[in-house]
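J.: Could you have a look at this structure, given as structure tokens, before my questions?
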Amino acid sequence: MISKPEKSSRKEKARILISKNSRAVDLAREAFPMTCPVCNSESELAGPGYCPAHQRAFENIRQAVEKWTLAYGNLTLPDFLQRVEKAPGIGPKAKEIARFLFENPSRWK
Ligand SMILES: [Zn+2]
């Protein structure tokens with residue numbers, strides 16, 4: 001019987017192709033710009049990678065937490081974020097980021 005070496009070499013080619021593709025995915029992931037974790041729009045900002053609108057909302061919330069902690073006394077971060085979400089007169093972006101931080105407290109720094 002004649003062996004068919006082309007079959008195994010085709011398999012080998014496929015294996016190389018797969019490993020090349022997974023490397024390309026890794027490279028693409030590294031090179032891909034960061035996306036805002038709240039709304040998934042692209043962000044070129046360093047740091048947590050929020051889009052400009054959510055970055056601004058995040059800064060506002062950070063300033064607000066100091067005032068609110070003074071006003072309410074012992075206010076924990078989850079309490080504060082829940083109050084922000086329910087408070088009237090707070091912009092939708094700030095509420096979105098409050099919800100995001102409530103669900104991802106490790107992002108609060
Ligand atoms: Zn965003």
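Ligands are numbered from 1 in the order shown, chains are lettered A, B, ... in the order of the structure tokens, and residues start at 1 in each chain.
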Please identify the residues whose atoms come within 12 Å of ligand 1, using only C-alpha atoms and all ligand atoms, and report them as an mmCIF file with C-alpha atoms, in the first residue's frame.
T.:
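File produced: selection_6.cif:
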data_model
loop_
_atom_site.group_PDB
_atom_site.id
_atom_site.type_symbol
_atom_site.label_atom_id
_atom_site.label_comp_id
_atom_site.auth_asym_id
_atom_site.auth_seq_id
_atom_site.Cartn_x
_atom_site.Cartn_y
_atom_site.Cartn_z
ATOM 1 C CA MET A 34 -9.425 50.410 25.164
ATOM 2 C CA THR A 35 -13.173 50.522 25.325
ATOM 3 C CA CYS A 36 -15.185 52.278 27.992
ATOM 4 C CA PRO A 37 -16.294 49.613 30.496
ATOM 5 C CA VAL A 38 -19.625 51.394 30.957
ATOM 6 C CA CYS A 39 -20.830 52.008 27.389
ATOM 7 C CA ASN A 40 -18.223 50.074 25.328
ATOM 8 C CA SER A 41 -17.351 53.049 23.154
ATOM 9 C CA GLU A 42 -13.691 53.356 22.257
ATOM 10 C CA SER A 43 -11.453 55.352 24.520
ATOM 11 C CA GLU A 44 -7.876 56.433 23.940
ATOM 12 C CA LEU A 45 -7.472 57.701 27.474
ATOM 13 C CA PRO A 48 -9.371 53.120 33.687
ATOM 14 C CA GLY A 49 -10.264 53.659 30.020
ATOM 15 C CA TYR A 50 -13.571 55.453 30.321
ATOM 16 C CA CYS A 51 -14.867 57.360 27.323
ATOM 17 C CA PRO A 52 -14.685 61.171 27.755
ATOM 18 C CA ALA A 53 -18.318 61.416 28.873
ATOM 19 C CA HIS A 54 -17.984 58.736 31.539
ATOM 20 C CA GLN A 55 -14.544 59.970 32.558
ATOM 21 C CA ARG A 56 -16.123 63.366 33.261
ATOM 22 C CA ALA A 57 -18.999 61.719 35.133
ATOM 23 C CA PHE A 58 -16.505 59.696 37.157
ATOM 24 C CA PRO A 92 -27.709 59.908 33.040
ATOM 25 C CA LYS A 93 -23.946 59.417 32.537
ATOM 26 C CA ALA A 94 -23.312 59.897 36.247
ATOM 27 C CA LYS A 95 -26.055 57.407 37.061
ATOM 28 C CA GLU A 96 -24.592 54.899 34.610
ATOM 29 C CA ILE A 97 -21.178 55.193 36.175
ATOM 30 C CA PHE A 100 -21.125 50.462 37.124
#
J.: Need the shell around stretch 63-72 of chain A: protein/DNA/RNA residues with any atom at most 12 Å away, counting only C-alpha atoms. Skip same-chain ones fewer than 2 positions apart. Format as a list of chain:residue names?
T.: A:Arg56, A:Ala57, A:Phe58, A:Glu59, A:Asn60, A:Ile61, A:Asn74, A:Leu75, A:Thr76, A:Leu77, A:Pro78, A:Asp79, A:Phe80, A:Leu81, A:Gln82, A:Arg83, A:Val84, A:Ala87, A:Ile90, A:Ala94, A:Ala98, A:Trp108
J.: For the selection just defined, write its residues with C-alpha atoms to a file, as a short mmCIF file (atom, residue, chain, number, x, y, z; two decimals), in the first residue's frame.
T.:
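The file below, result.cif, is the result:
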data_model
loop_
_atom_site.label_atom_id
_atom_site.label_comp_id
_atom_site.auth_asym_id
_atom_site.auth_seq_id
_atom_site.Cartn_x
_atom_site.Cartn_y
_atom_site.Cartn_z
CA ARG A 56 -16.12 63.37 33.26
CA ALA A 57 -19.00 61.72 35.13
CA PHE A 58 -16.50 59.70 37.16
CA GLU A 59 -14.61 62.87 38.15
CA ASN A 60 -17.90 64.53 39.15
CA ILE A 61 -18.86 61.57 41.31
CA ASN A 74 -20.83 57.93 57.63
CA LEU A 75 -21.79 57.14 54.08
CA THR A 76 -20.41 53.93 52.63
CA LEU A 77 -19.54 53.78 48.96
CA PRO A 78 -22.43 51.43 48.03
CA ASP A 79 -24.86 53.70 49.93
CA PHE A 80 -23.48 56.71 48.13
CA LEU A 81 -23.69 55.08 44.71
CA GLN A 82 -27.27 53.99 45.31
CA ARG A 83 -28.19 57.53 46.36
CA VAL A 84 -26.57 58.89 43.19
CA ALA A 87 -31.06 61.31 43.11
CA ILE A 90 -28.11 63.85 38.32
CA ALA A 94 -23.31 59.90 36.25
CA ALA A 98 -22.67 54.98 39.67
CA TRP A 108 -13.23 52.81 42.53
#
J.: Assign secondary structure with DSSP using the backbone only, and return the residues of stretch 46-100 of chain A in alpha helix (DSSP H) as a ChimeraX atom specification.
T.: /A:52-72,77-86,92-100
